[in-house]
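Enquirer: Provided herewith: start05.cif, mmCIF, C-alpha atoms.
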data_final
#
loop_
_atom_site.label_atom_id
_atom_site.label_comp_id
_atom_site.auth_asym_id
_atom_site.auth_seq_id
_atom_site.Cartn_x
_atom_site.Cartn_y
_atom_site.Cartn_z
CA MET T 1276 0.00 0.00 0.00
CA ALA T 1277 2.87 2.37 0.75
CA GLY T 1278 4.22 1.92 -2.76
CA LYS T 1279 0.83 2.57 -4.31
CA SER T 1280 0.36 5.72 -2.23
CA GLN T 1281 3.73 6.98 -3.40
CA TYR T 1282 2.71 6.32 -7.00
CA VAL T 1283 -0.55 8.23 -6.55
CA ARG T 1284 1.38 11.13 -5.02
CA SER T 1285 3.78 11.13 -7.95
CA ILE T 1286 0.85 11.35 -10.36
CA THR T 1287 -0.65 14.18 -8.31
CA ASN T 1288 2.67 16.00 -8.61
CA VAL T 1289 2.55 15.49 -12.38
CA LEU T 1290 -0.91 17.02 -12.54
CA SER T 1291 0.31 19.96 -10.47
CA LEU T 1292 3.22 20.55 -12.83
CA LEU T 1293 0.87 20.39 -15.78
CA ALA T 1294 -1.44 22.92 -14.18
CA LEU T 1295 1.49 25.26 -13.67
CA GLY T 1296 2.58 24.88 -17.27
CA ILE T 1297 5.98 23.50 -16.25
CA VAL T 1298 5.41 20.30 -18.18
CA SER T 1299 3.36 19.96 -21.36
CA LEU T 1300 1.40 16.81 -22.11
CA THR T 1301 -1.62 15.57 -23.99
CA VAL T 1302 -4.27 13.76 -22.01
CA ALA T 1303 -7.55 12.01 -22.75
CA ALA T 1304 -8.58 14.27 -25.52
CA ALA T 1305 -6.54 17.26 -26.28
CA GLY T 1306 -3.39 18.99 -24.84
CA PRO T 1307 0.16 18.56 -25.98
CA ALA T 1308 2.88 16.12 -25.00
CA SER T 1309 6.38 17.49 -25.01
CA ALA T 1310 8.72 15.98 -27.58
CA GLN T 1311 11.77 16.91 -25.53
CA ASP T 1312 10.89 16.49 -21.86
CA PHE T 1313 9.02 13.52 -20.51
CA SER T 1314 10.34 13.77 -16.97
CA TRP T 1315 6.69 13.83 -15.90
CA ILE T 1316 6.62 10.06 -16.42
CA GLN T 1317 7.36 8.55 -13.05
CA SER T 1318 9.36 5.35 -12.74
CA GLY T 1319 6.88 3.70 -10.40
CA PRO T 1320 6.53 3.14 -6.67
CA THR T 1321 10.23 2.47 -6.03
CA GLY T 1322 11.40 5.45 -8.05
CA ASN T 1323 14.10 3.43 -9.82
CA GLY T 1324 12.36 0.66 -11.70
CA PRO T 1325 9.30 -0.17 -13.77
CA SER T 1326 5.89 -0.04 -12.18
CA THR T 1327 4.28 -3.36 -11.32
CA ASN T 1328 0.93 -1.75 -10.53
CA THR T 1329 -2.23 -2.76 -12.29
CA TYR T 1330 -4.77 -0.07 -13.05
CA ASP T 1331 -5.04 2.65 -10.46
CA ARG T 1332 -8.70 3.66 -10.80
CA GLU T 1333 -8.24 6.77 -8.68
CA PHE T 1334 -5.52 8.03 -11.00
CA ILE T 1335 -7.57 7.25 -14.12
CA ARG T 1336 -10.65 9.08 -12.81
CA GLU T 1337 -8.58 12.10 -11.81
CA TRP T 1338 -6.73 12.17 -15.13
CA GLU T 1339 -9.87 11.94 -17.23
CA ALA T 1340 -11.96 14.40 -15.23
CA ASN T 1341 -9.31 17.12 -14.87
CA PRO T 1342 -7.34 17.54 -18.10
CA PRO T 1343 -4.44 20.03 -18.20
CA LYS T 1344 -4.63 23.07 -20.44
CA GLY T 1345 -2.26 22.16 -23.26
CA PHE T 1346 -2.37 23.98 -26.60
CA ALA T 1347 -5.55 25.23 -28.26
CA THR T 1348 -6.80 22.70 -30.81
CA LEU T 1349 -7.84 25.38 -33.31
CA SER T 1350 -4.64 27.40 -33.04
CA LYS T 1351 -3.18 28.65 -36.31
CA SER T 1352 0.18 27.54 -34.87
CA ASN T 1353 -0.92 23.93 -35.36
CA ILE T 1354 -1.22 24.14 -39.14
CA GLU T 1355 2.47 24.00 -40.08
CA PRO T 1356 3.24 21.22 -37.56
CA THR T 1357 0.33 19.24 -39.02
CA LYS T 1358 1.76 19.67 -42.52
CA ALA T 1359 5.11 18.42 -41.18
CA ALA T 1360 3.35 15.45 -39.57
CA ILE T 1361 1.81 14.56 -42.95
CA LYS T 1362 5.28 14.43 -44.53
CA ARG T 1363 6.50 12.31 -41.64
CA TYR T 1364 3.65 9.83 -42.01
CA GLU T 1365 4.07 9.73 -45.78
CA ALA T 1366 7.60 8.49 -45.11
CA ILE T 1367 6.32 5.93 -42.58
CA VAL T 1368 3.78 4.61 -45.09
CA ALA T 1369 6.38 4.53 -47.87
CA ALA T 1370 8.61 2.43 -45.58
CA GLY T 1371 5.84 -0.12 -45.13
CA GLY T 1372 4.09 1.22 -42.04
CA TRP T 1373 4.04 -1.01 -38.98
CA ALA T 1374 3.04 -4.58 -38.18
CA PRO T 1375 -0.07 -5.16 -36.04
CA LEU T 1376 0.34 -6.28 -32.44
CA PRO T 1377 -1.44 -9.30 -30.96
CA VAL T 1378 -4.38 -8.46 -28.69
CA GLN T 1379 -2.83 -9.23 -25.32
CA GLN T 1380 -2.03 -7.21 -22.22
CA MET T 1381 1.58 -6.23 -21.59
CA GLN T 1382 3.05 -4.19 -18.80
CA ALA T 1383 6.28 -3.31 -17.06
CA GLY T 1384 8.12 -6.15 -15.40
CA GLY T 1385 6.98 -8.74 -17.92
CA SER T 1386 8.69 -10.44 -20.83
CA ASP T 1387 7.11 -11.67 -24.06
CA PRO T 1388 8.07 -12.07 -27.75
CA ALA T 1389 5.29 -9.55 -28.58
CA VAL T 1390 7.33 -6.89 -26.79
CA ILE T 1391 9.66 -6.83 -29.80
CA LEU T 1392 6.74 -5.88 -32.05
CA LEU T 1393 5.68 -3.24 -29.50
CA ARG T 1394 9.16 -1.73 -29.51
CA LYS T 1395 9.23 -1.56 -33.31
CA ARG T 1396 5.76 0.00 -33.42
CA LEU T 1397 6.62 2.73 -30.93
CA ALA T 1398 9.94 3.40 -32.62
CA ALA T 1399 8.16 3.89 -35.95
CA SER T 1400 5.90 6.61 -34.53
CA GLY T 1401 8.76 8.26 -32.64
CA ASP T 1402 7.57 7.39 -29.16
CA LEU T 1403 10.58 5.15 -28.47
CA LYS T 1404 14.14 6.18 -29.34
CA ASP T 1405 17.62 4.69 -28.88
CA ASP T 1406 16.18 1.31 -28.03
CA ASP T 1407 17.24 -2.33 -28.21
CA ALA T 1408 14.66 -3.51 -30.74
CA THR T 1409 15.43 -7.17 -30.02
CA SER T 1410 14.66 -7.13 -26.30
CA THR T 1411 11.59 -9.05 -25.09
CA SER T 1412 11.72 -7.34 -21.69
CA PHE T 1413 9.09 -4.70 -20.85
CA ASP T 1414 11.38 -2.29 -19.01
CA LEU T 1415 11.07 1.26 -17.69
CA THR T 1416 12.09 2.85 -21.00
CA LEU T 1417 9.34 0.99 -22.82
CA GLU T 1418 6.80 1.84 -20.11
CA LYS T 1419 7.58 5.54 -20.61
CA ALA T 1420 7.19 5.17 -24.37
CA VAL T 1421 3.79 3.51 -23.93
CA MET T 1422 2.71 6.38 -21.71
CA ARG T 1423 3.87 8.85 -24.34
CA PHE T 1424 1.83 7.05 -26.98
CA GLN T 1425 -1.26 6.82 -24.80
CA ALA T 1426 -1.08 10.51 -23.92
CA SER T 1427 -0.97 11.61 -27.55
CA ASN T 1428 -3.72 9.21 -28.61
CA GLY T 1429 -6.39 10.24 -26.14
CA LEU T 1430 -5.85 7.43 -23.65
CA THR T 1431 -4.99 7.63 -19.97
CA PRO T 1432 -1.19 7.19 -19.66
CA THR T 1433 -1.14 4.12 -17.43
CA GLY T 1434 1.85 2.53 -19.15
CA ILE T 1435 -0.14 -0.69 -19.43
CA VAL T 1436 -0.80 -2.04 -22.93
CA ASP T 1437 -4.45 -3.03 -22.66
CA LYS T 1438 -7.02 -3.78 -25.37
CA ARG T 1439 -7.72 -0.11 -26.10
CA THR T 1440 -4.03 0.69 -26.36
CA VAL T 1441 -3.48 -2.25 -28.72
CA ALA T 1442 -6.42 -1.08 -30.85
CA ALA T 1443 -4.90 2.41 -31.08
CA LEU T 1444 -1.45 1.00 -31.87
CA ASN T 1445 -2.96 -1.16 -34.60
CA VAL T 1446 -4.54 1.66 -36.58
CA PRO T 1447 -2.54 1.41 -39.84
CA ALA T 1448 -0.11 4.17 -40.71
CA ALA T 1449 -1.97 4.74 -43.98
CA ALA T 1450 -5.18 5.39 -42.05
CA ARG T 1451 -3.41 7.83 -39.77
CA LEU T 1452 -1.97 9.61 -42.81
CA LYS T 1453 -5.41 9.97 -44.34
CA GLN T 1454 -6.76 11.34 -41.05
CA LEU T 1455 -4.00 13.94 -40.89
CA LYS T 1456 -4.73 15.11 -44.44
CA THR T 1457 -8.48 15.25 -43.81
CA ASN T 1458 -8.05 17.16 -40.57
CA LEU T 1459 -5.56 19.63 -42.01
CA SER T 1460 -8.39 20.90 -44.18
CA ARG T 1461 -10.70 21.13 -41.17
CA LEU T 1462 -8.08 22.96 -39.09
CA SER T 1463 -7.29 25.43 -41.86
CA ASP T 1464 -10.96 26.39 -42.16
CA LEU T 1465 -11.66 26.50 -38.42
CA ALA T 1466 -8.51 28.31 -37.26
CA SER T 1467 -9.29 31.28 -39.48
CA SER T 1468 -12.75 31.70 -37.96
CA THR T 1469 -11.89 31.94 -34.27
CA GLY T 1470 -12.12 35.23 -32.41
CA LYS T 1471 -10.35 36.74 -29.41
CA LYS T 1472 -12.48 34.85 -26.88
CA TYR T 1473 -14.19 31.59 -27.75
CA ILE T 1474 -15.20 28.14 -26.57
CA VAL T 1475 -14.57 25.02 -28.62
CA VAL T 1476 -16.04 21.57 -28.11
CA ASN T 1477 -13.95 18.98 -29.93
CA ILE T 1478 -16.41 16.10 -30.24
CA PRO T 1479 -13.93 13.21 -30.72
CA SER T 1480 -11.95 14.45 -27.72
CA ALA T 1481 -15.02 14.95 -25.52
CA HIS T 1482 -13.28 18.08 -24.24
CA ILE T 1483 -14.27 21.72 -23.96
CA GLU T 1484 -11.67 24.49 -24.29
CA ALA T 1485 -12.04 28.07 -23.11
CA VAL T 1486 -9.64 30.12 -25.23
CA GLU T 1487 -8.65 33.78 -24.97
CA ASN T 1488 -6.01 35.61 -26.99
CA GLY T 1489 -4.94 32.32 -28.54
CA GLN T 1490 -4.21 30.65 -25.19
CA ILE T 1491 -6.26 28.06 -23.36
CA VAL T 1492 -7.66 29.45 -20.14
CA ALA T 1493 -9.06 26.06 -19.10
CA ARG T 1494 -9.92 22.66 -20.50
CA TYR T 1495 -12.90 20.65 -19.27
CA ALA T 1496 -13.95 17.04 -19.60
CA GLY T 1497 -17.26 16.73 -21.44
CA VAL T 1498 -19.84 14.20 -22.51
CA VAL T 1499 -20.84 14.18 -26.20
CA GLY T 1500 -23.57 12.54 -28.23
CA LYS T 1501 -23.92 8.80 -28.66
CA ILE T 1502 -23.14 7.22 -32.01
CA ASP T 1503 -26.87 7.14 -32.84
CA ARG T 1504 -27.53 10.63 -31.41
CA GLN T 1505 -24.58 12.58 -32.66
CA THR T 1506 -23.58 16.00 -31.45
CA PRO T 1507 -23.84 18.34 -34.47
CA LEU T 1508 -21.13 20.57 -35.88
CA LEU T 1509 -21.94 24.23 -35.43
CA LYS T 1510 -20.65 27.76 -35.16
CA SER T 1511 -22.70 29.96 -32.87
CA ALA T 1512 -22.42 32.29 -29.90
CA ILE T 1513 -23.41 31.83 -26.27
CA THR T 1514 -26.16 34.32 -25.53
CA ASP T 1515 -27.52 33.48 -22.09
CA LEU T 1516 -27.18 31.27 -19.04
CA ASN T 1517 -30.00 29.67 -17.04
CA PHE T 1518 -29.19 29.02 -13.40
CA ASN T 1519 -31.18 26.17 -11.82
CA PRO T 1520 -33.24 25.76 -14.99
CA MET T 1521 -36.40 23.87 -15.70
CA TRP T 1522 -35.69 21.00 -18.06
CA ARG T 1523 -37.83 20.86 -21.19
CA MET T 1524 -37.45 17.45 -22.72
CA PRO T 1525 -35.95 17.41 -26.24
CA PRO T 1526 -37.91 15.55 -28.95
CA THR T 1527 -35.29 12.81 -29.26
CA VAL T 1528 -35.38 11.98 -25.57
CA GLU T 1529 -39.18 12.02 -25.63
CA SER T 1530 -39.48 9.58 -28.53
CA GLU T 1531 -36.53 7.31 -27.85
CA ASP T 1532 -36.42 7.25 -24.05
CA LEU T 1533 -39.49 8.56 -22.24
CA ILE T 1534 -42.29 6.95 -24.25
CA PRO T 1535 -40.66 3.49 -24.45
CA ARG T 1536 -39.86 3.68 -20.73
CA GLY T 1537 -43.39 4.84 -19.98
CA ARG T 1538 -44.86 1.82 -21.79
CA GLU T 1539 -42.44 -0.55 -20.07
CA MET T 1540 -43.20 0.79 -16.60
CA GLN T 1541 -46.96 0.89 -17.23
CA LYS T 1542 -46.90 -2.88 -17.78
CA LYS T 1543 -45.47 -3.20 -14.27
CA GLY T 1544 -48.08 -0.93 -12.75
CA GLN T 1545 -45.62 1.96 -12.41
CA ASN T 1546 -45.71 5.54 -13.69
CA VAL T 1547 -42.65 7.03 -15.35
CA LEU T 1548 -43.73 10.62 -14.64
CA HIS T 1549 -44.18 10.00 -10.94
CA LYS T 1550 -40.87 8.16 -10.65
CA PHE T 1551 -38.79 10.85 -12.34
CA HIS T 1552 -40.82 13.88 -11.20
CA ILE T 1553 -41.67 14.92 -14.75
CA ASP T 1554 -44.70 17.05 -15.67
CA ALA T 1555 -46.69 16.58 -18.89
CA TYR T 1556 -48.62 19.40 -20.58
CA GLU T 1557 -51.28 19.63 -23.27
CA GLY T 1558 -50.70 21.87 -26.26
CA ASN T 1559 -52.70 24.61 -24.52
CA GLY T 1560 -50.34 24.53 -21.55
CA LYS T 1561 -52.69 22.66 -19.23
CA LYS T 1562 -50.95 20.20 -16.92
CA VAL T 1563 -51.99 16.56 -17.42
CA ASP T 1564 -52.79 14.13 -14.62
CA PRO T 1565 -50.01 11.49 -14.91
CA ASP T 1566 -52.37 8.71 -13.81
CA LYS T 1567 -54.67 9.38 -16.76
CA ILE T 1568 -52.03 8.88 -19.42
CA ASP T 1569 -52.16 5.61 -21.36
CA TRP T 1570 -48.61 5.21 -22.63
CA THR T 1571 -49.63 2.63 -25.24
CA LYS T 1572 -51.48 5.42 -27.04
CA VAL T 1573 -48.97 8.25 -26.53
CA THR T 1574 -47.09 9.37 -29.65
CA PRO T 1575 -44.21 11.87 -29.95
CA GLY T 1576 -45.50 15.45 -29.84
CA ARG T 1577 -48.73 14.52 -28.07
CA TYR T 1578 -47.54 16.26 -24.90
CA THR T 1579 -44.65 18.44 -23.85
CA TYR T 1580 -42.64 17.41 -20.82
CA SER T 1581 -40.61 19.31 -18.27
CA GLN T 1582 -38.93 18.85 -14.93
CA GLN T 1583 -38.60 21.44 -12.18
CA PRO T 1584 -35.15 22.49 -10.88
CA GLY T 1585 -33.71 20.15 -8.32
CA LYS T 1586 -31.19 17.42 -7.61
CA GLU T 1587 -32.73 15.03 -10.15
CA ASN T 1588 -32.94 17.58 -12.94
CA PRO T 1589 -30.67 16.31 -15.76
CA LEU T 1590 -29.48 19.86 -16.49
CA GLY T 1591 -27.97 20.21 -13.04
CA PHE T 1592 -27.72 23.80 -11.84
CA LEU T 1593 -26.73 25.47 -15.11
CA LYS T 1594 -27.71 25.50 -18.79
CA ILE T 1595 -25.72 27.41 -21.40
CA ASN T 1596 -27.71 28.57 -24.42
CA PHE T 1597 -26.84 29.50 -27.99
CA ASP T 1598 -28.64 29.63 -31.31
CA SER T 1599 -28.82 26.19 -32.92
CA ALA T 1600 -31.09 24.52 -35.43
CA HIS T 1601 -30.45 21.23 -33.63
CA SER T 1602 -32.01 22.05 -30.23
CA VAL T 1603 -28.75 21.33 -28.40
CA TYR T 1604 -27.12 23.15 -25.50
CA MET T 1605 -24.39 22.77 -22.88
CA HIS T 1606 -25.24 21.96 -19.31
CA ASP T 1607 -24.32 20.67 -15.87
CA THR T 1608 -25.33 17.19 -14.71
CA PRO T 1609 -26.29 15.66 -11.36
CA SER T 1610 -24.12 12.64 -12.18
CA GLU T 1611 -20.38 13.34 -12.03
CA THR T 1612 -19.03 9.80 -12.31
CA ILE T 1613 -19.04 9.66 -16.11
CA PHE T 1614 -16.38 12.40 -16.32
CA GLY T 1615 -13.85 9.97 -14.88
CA ARG T 1616 -14.20 7.64 -17.87
CA ASN T 1617 -12.10 7.69 -21.02
CA PHE T 1618 -15.01 7.03 -23.37
CA ARG T 1619 -17.64 9.74 -22.85
CA SER T 1620 -20.10 9.40 -25.73
CA ALA T 1621 -23.36 9.09 -23.79
CA SER T 1622 -25.65 12.08 -24.39
CA SER T 1623 -28.51 12.70 -26.81
CA GLY T 1624 -26.44 15.33 -28.63
CA CYS T 1625 -26.08 18.00 -25.96
CA ILE T 1626 -22.80 18.62 -24.13
CA ARG T 1627 -22.38 17.95 -20.44
CA VAL T 1628 -19.53 19.94 -18.88
CA HIS T 1629 -17.47 19.00 -15.85
CA ASN T 1630 -16.73 21.87 -13.44
CA ILE T 1631 -19.19 23.99 -15.39
CA GLU T 1632 -19.25 26.60 -12.62
CA HIS T 1633 -15.66 27.53 -13.52
CA LEU T 1634 -16.62 27.90 -17.18
CA ALA T 1635 -19.55 30.08 -16.13
CA GLU T 1636 -17.22 32.40 -14.20
CA TRP T 1637 -15.13 32.89 -17.32
CA ILE T 1638 -18.15 33.44 -19.57
CA LEU T 1639 -19.53 36.03 -17.14
CA ALA T 1640 -16.21 37.83 -16.61
CA ASP T 1641 -17.26 40.77 -18.81
CA GLN T 1642 -20.79 40.86 -17.43
CA GLY T 1643 -20.09 42.84 -14.26
CA GLY T 1644 -21.19 41.79 -10.79
CA TRP T 1645 -20.27 38.16 -11.28
CA ASN T 1646 -17.45 36.25 -9.58
CA LYS T 1647 -16.65 32.82 -8.20
CA GLU T 1648 -18.59 33.42 -5.00
CA ARG T 1649 -21.75 34.52 -6.76
CA VAL T 1650 -21.75 31.52 -9.09
CA ALA T 1651 -21.20 29.23 -6.10
CA LYS T 1652 -24.10 30.90 -4.29
CA MET T 1653 -26.41 30.25 -7.25
CA LYS T 1654 -25.45 26.58 -7.13
CA GLU T 1655 -26.01 26.31 -3.40
CA SER T 1656 -29.24 28.29 -3.21
CA GLY T 1657 -31.10 26.69 -6.11
CA GLU T 1658 -32.40 30.13 -7.08
CA ARG T 1659 -33.83 30.43 -10.61
CA LEU T 1660 -32.12 33.12 -12.63
CA ASP T 1661 -31.66 33.79 -16.35
CA VAL T 1662 -28.69 35.92 -17.36
CA ARG T 1663 -28.48 37.50 -20.80
CA LEU T 1664 -24.89 38.17 -21.87
CA LYS T 1665 -23.90 41.71 -22.78
CA LYS T 1666 -21.18 40.26 -25.01
CA PRO T 1667 -22.00 36.88 -26.59
CA VAL T 1668 -19.11 34.40 -26.50
CA GLN T 1669 -18.16 32.66 -29.75
CA LEU T 1670 -18.78 28.92 -29.76
CA HIS T 1671 -17.59 26.10 -32.03
CA PHE T 1672 -18.59 22.43 -32.04
CA VAL T 1673 -15.89 20.78 -34.17
CA TYR T 1674 -14.72 17.34 -35.27
CA VAL T 1675 -10.92 17.14 -35.18
CA THR T 1676 -9.30 13.71 -34.83
CA ALA T 1677 -5.71 14.29 -36.00
CA TRP T 1678 -3.39 17.26 -35.70
CA ALA T 1679 0.04 18.29 -34.49
CA THR T 1680 0.86 20.95 -31.93
CA GLU T 1681 3.58 23.54 -32.03
CA ASP T 1682 5.95 21.31 -30.03
CA GLY T 1683 5.85 18.77 -32.87
CA ILE T 1684 3.74 16.15 -31.11
CA VAL T 1685 1.23 14.40 -33.39
CA GLN T 1686 -2.17 13.96 -31.77
CA PHE T 1687 -4.82 11.38 -32.66
CA ARG T 1688 -8.30 10.82 -31.23
CA ARG T 1689 -10.78 8.05 -31.99
CA ASP T 1690 -12.86 8.71 -35.11
CA LEU T 1691 -16.00 8.52 -32.98
CA TYR T 1692 -18.57 9.04 -35.74
CA GLN T 1693 -16.39 7.56 -38.51
CA ARG T 1694 -16.20 10.75 -40.54
CA ASP T 1695 -12.56 10.44 -41.62
CA GLY T 1696 -13.13 7.92 -44.38
CA VAL T 1697 -10.93 5.21 -42.84
CA GLY T 1698 -13.69 2.88 -41.66
CA ALA T 1699 -14.15 1.56 -38.14
CA VAL T 1700 -10.47 0.91 -37.48
CA ALA T 1701 -9.83 4.37 -36.00
CA ALA T 1702 -13.00 4.24 -33.92
CA ALA T 1703 -12.36 0.90 -32.26
CA TYR T 1704 -10.72 2.13 -29.07
#
Please go through the file and, once you have read it, give me the structure as structure tokens.

Expert:
Amino acid sequence: MAGKSQYVRSITNVLSLLALGIVSLTVAAAGPASAQDFSWIQSGPTGNGPSTNTYDREFIREWEANPPKGFATLSKSNIEPTKAAIKRYEAIVAAGGWAPLPVQQMQAGGSDPAVILLRKRLAASGDLKDDDATSTSFDLTLEKAVMRFQASNGLTPTGIVDKRTVAALNVPAAARLKQLKTNLSRLSDLASSTGKKYIVVNIPSAHIEAVENGQIVARYAGVVGKIDRQTPLLKSAITDLNFNPMWRMPPTVESEDLIPRGREMQKKGQNVLHKFHIDAYEGNGKKVDPDKIDWTKVTPGRYTYSQQPGKENPLGFLKINFDSAHSVYMHDTPSETIFGRNFRSASSGCIRVHNIEHLAEWILADQGGWNKERVAKMKESGERLDVRLKKPVQLHFVYVTAWATEDGIVQFRRDLYQRDGVGAVAAAY
């Protein structure tokens, strides 16, 4: 236990360094990993040898939920590095790419013939240098290289080669090259349209960035739309914030969740509206008695549904609004556990934001009369309040899966909605 505690402390120190900007690194879904300095990678509990730990869930949850700032995804400074990355990957493809790894777990302290393939794969992408390519031993140097790879591919840097890491390693070089070329076009278009102060949601990363004067002020873990309820691409502006809002059920949730659940529960003698404290209204605004609704006859659009502010309200204490033809918005959530996961595609298209109160402070900075304490008071009190912004804040929902940052690190994220034209292979992790 003492060794594990030391390891957790070392990771906490890493996160502190990242927050201070002393060390640069990419995590979960966006920020950069330094090509020159990876001293942030700890050697394990003993401090002088490879880690023998299995997954540390506490570390994973902390890493996923609290990403460091890193570089802005839509920065114009990323365009030239991305062009350089394309040339680099053209050379990798011309040399034959890399061989796929077997689907098996590998970690520090072990030895296996597959380690040779792992070494060659990481050497090809530049994550492992000056290495004995014939060694079957999973040593500290290799563990660090795996962490480097995981960090720049949107995975928690555990140093353990698990199924997801193998899937990411096995995306062919030709597919990665195509992604870089496709995303260069996206970046070129998007980077020219950003203003002085803006928010960007990169859907494949499931991250939200608050950017001002070209620098990231903060990065937040987010939850994006499911594969069958995709978050749309958009360019808009945040116009108002609703504190402790009433939730008005979107059409998709009504048709695909509420009505089927209502029918299911009715068969058991239960009432979905009673259970989840939801109100139903006629078209004239008259509230409907829940006990008089026959869910076998209810069709989408028959009623409108809403839920009063409170602990069970799916919007949490804050909803962020902007013009959209897709009826989507950004919001808080009463359930925080999902932010500690690596794969956060679970919404009906809207964006859930971790630590949304901090984002609200930044959005309201030019409003006057708003600070950290006032936002916290709104959360604690449950008071209903709608705030119209004096200066709307630019907002972008984007789809960027491959790019390089100004330090030369090439970043990849899972092709969540398979929009890169490379099939399912880049979405499989």

Enquirer: Find the residues near stretch 1646-1659 of chain T: any atom within 9 Å, counting only C-alpha atoms, skip ones fewer than 6 places away on the same chain, and give them as a list in words.

Expert: Asn1517, Phe1518, Asn1519, Pro1520, Met1521, Pro1584, Gly1585, Phe1592, Leu1593, Glu1632, His1633, Ala1635, Glu1636, Trp1637, Leu1639 and Ala1640 of chain T

Enquirer: Keeping C-alpha atoms for every residue in the selection just given, could you write it to a file as a PDB file, in the coordinates of the input?

Expert:
ATOM      1  CA  ASN T1517     -30.000  29.670 -17.040  1.00  0.00           C
ATOM      2  CA  PHE T1518     -29.190  29.020 -13.400  1.00  0.00           C
ATOM      3  CA  ASN T1519     -31.180  26.170 -11.820  1.00  0.00           C
ATOM      4  CA  PRO T1520     -33.240  25.760 -14.990  1.00  0.00           C
ATOM      5  CA  MET T1521     -36.400  23.870 -15.700  1.00  0.00           C
ATOM      6  CA  PRO T1584     -35.150  22.490 -10.880  1.00  0.00           C
ATOM      7  CA  GLY T1585     -33.710  20.150  -8.320  1.00  0.00           C
ATOM      8  CA  PHE T1592     -27.720  23.800 -11.840  1.00  0.00           C
ATOM      9  CA  LEU T1593     -26.730  25.470 -15.110  1.00  0.00           C
ATOM     10  CA  GLU T1632     -19.250  26.600 -12.620  1.00  0.00           C
ATOM     11  CA  HIS T1633     -15.660  27.530 -13.520  1.00  0.00           C
ATOM     12  CA  ALA T1635     -19.550  30.080 -16.130  1.00  0.00           C
ATOM     13  CA  GLU T1636     -17.220  32.400 -14.200  1.00  0.00           C
ATOM     14  CA  TRP T1637     -15.130  32.890 -17.320  1.00  0.00           C
ATOM     15  CA  LEU T1639     -19.530  36.030 -17.140  1.00  0.00           C
ATOM     16  CA  ALA T1640     -16.210  37.830 -16.610  1.00  0.00           C
TER      17      ALA T1640
END

Enquirer: Got a sec to resolve the PyMOL selection byres ((chain T and resi 1446) around 10) on this structure and send the residues as a CSV table (one decimal) with C-alpha atoms, in the coordinates of the input?

Expert:
chain,number,residue,atom,x,y,z
T,1373,TRP,CA,4.0,-1.0,-39.0
T,1374,ALA,CA,3.0,-4.6,-38.2
T,1375,PRO,CA,-0.1,-5.2,-36.0
T,1441,VAL,CA,-3.5,-2.2,-28.7
T,1442,ALA,CA,-6.4,-1.1,-30.8
T,1443,ALA,CA,-4.9,2.4,-31.1
T,1444,LEU,CA,-1.4,1.0,-31.9
T,1445,ASN,CA,-3.0,-1.2,-34.6
T,1447,PRO,CA,-2.5,1.4,-39.8
T,1448,ALA,CA,-0.1,4.2,-40.7
T,1449,ALA,CA,-2.0,4.7,-44.0
T,1450,ALA,CA,-5.2,5.4,-42.0
T,1451,ARG,CA,-3.4,7.8,-39.8
T,1697,VAL,CA,-10.9,5.2,-42.8
T,1699,ALA,CA,-14.2,1.6,-38.1
T,1700,VAL,CA,-10.5,0.9,-37.5
T,1701,ALA,CA,-9.8,4.4,-36.0
T,1702,ALA,CA,-13.0,4.2,-33.9
T,1703,ALA,CA,-12.4,0.9,-32.3
T,1704,TYR,CA,-10.7,2.1,-29.1

Enquirer: Write out as CSV the residues of stretch 1418-1469 of chain T that have any atom within 12 Å of an atom of stretch 1352-1369 of chain T, one row each with the nearest atom pair and its distance in Å to one decimal, counting all atoms listed in the file, sorted by chain and then rising number.

Expert:
residue,atom,partner,partner_atom,distance
T:Pro1447,CA,T:Val1368,CA,8.8
T:Ala1448,CA,T:Val1368,CA,5.9
T:Ala1449,CA,T:Val1368,CA,5.9
T:Ala1450,CA,T:Val1368,CA,9.5
T:Arg1451,CA,T:Tyr1364,CA,7.7
T:Leu1452,CA,T:Tyr1364,CA,5.7
T:Lys1453,CA,T:Ile1361,CA,8.7
T:Gln1454,CA,T:Ile1361,CA,9.4
T:Leu1455,CA,T:Ile1361,CA,6.2
T:Lys1456,CA,T:Ile1361,CA,6.7
T:Thr1457,CA,T:Ile1361,CA,10.3
T:Asn1458,CA,T:Thr1357,CA,8.8
T:Leu1459,CA,T:Thr1357,CA,6.6
T:Ser1460,CA,T:Ile1354,CA,9.3
T:Arg1461,CA,T:Ile1354,CA,10.2
T:Leu1462,CA,T:Ile1354,CA,7.0
T:Ser1463,CA,T:Ile1354,CA,6.8
T:Asp1464,CA,T:Ile1354,CA,10.4
T:Leu1465,CA,T:Ile1354,CA,10.7
T:Ala1466,CA,T:Ile1354,CA,8.6
T:Ser1467,CA,T:Ile1354,CA,10.8

Enquirer: Considering only C-alpha atoms, state which residue in the set T:Lys1395, T:His1606, T:Arg1663, T:His1482 is at the smallest distance from T:Arg1494.

Expert: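 Going through T:Lys1395, T:His1606, T:Arg1663, T:His1482 one by one, the smallest distance to T:Arg1494 is for T:His1482.
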
Enquirer: Do you have the atom CA of T:Lys1586-atom CA of T:Pro1609 distance handy?

Expert: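 Spanning atom CA of T:Lys1586 to atom CA of T:Pro1609 is a straight-line distance of 6.4 Å.
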
Enquirer: At a cut-off of 9 Å around the point (-51.3, 10.6, -14.6) (file coordinates), what residues fall inside when counting all atoms listed in the file? I'd like the answer as a list of chain:residue names.

Expert: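 The distance filter leaves exactly T:Asn1546, T:Leu1548, T:His1549, T:Ala1555, T:Val1563, T:Asp1564, T:Pro1565, T:Asp1566, T:Lys1567, T:Ile1568, T:Asp1569.
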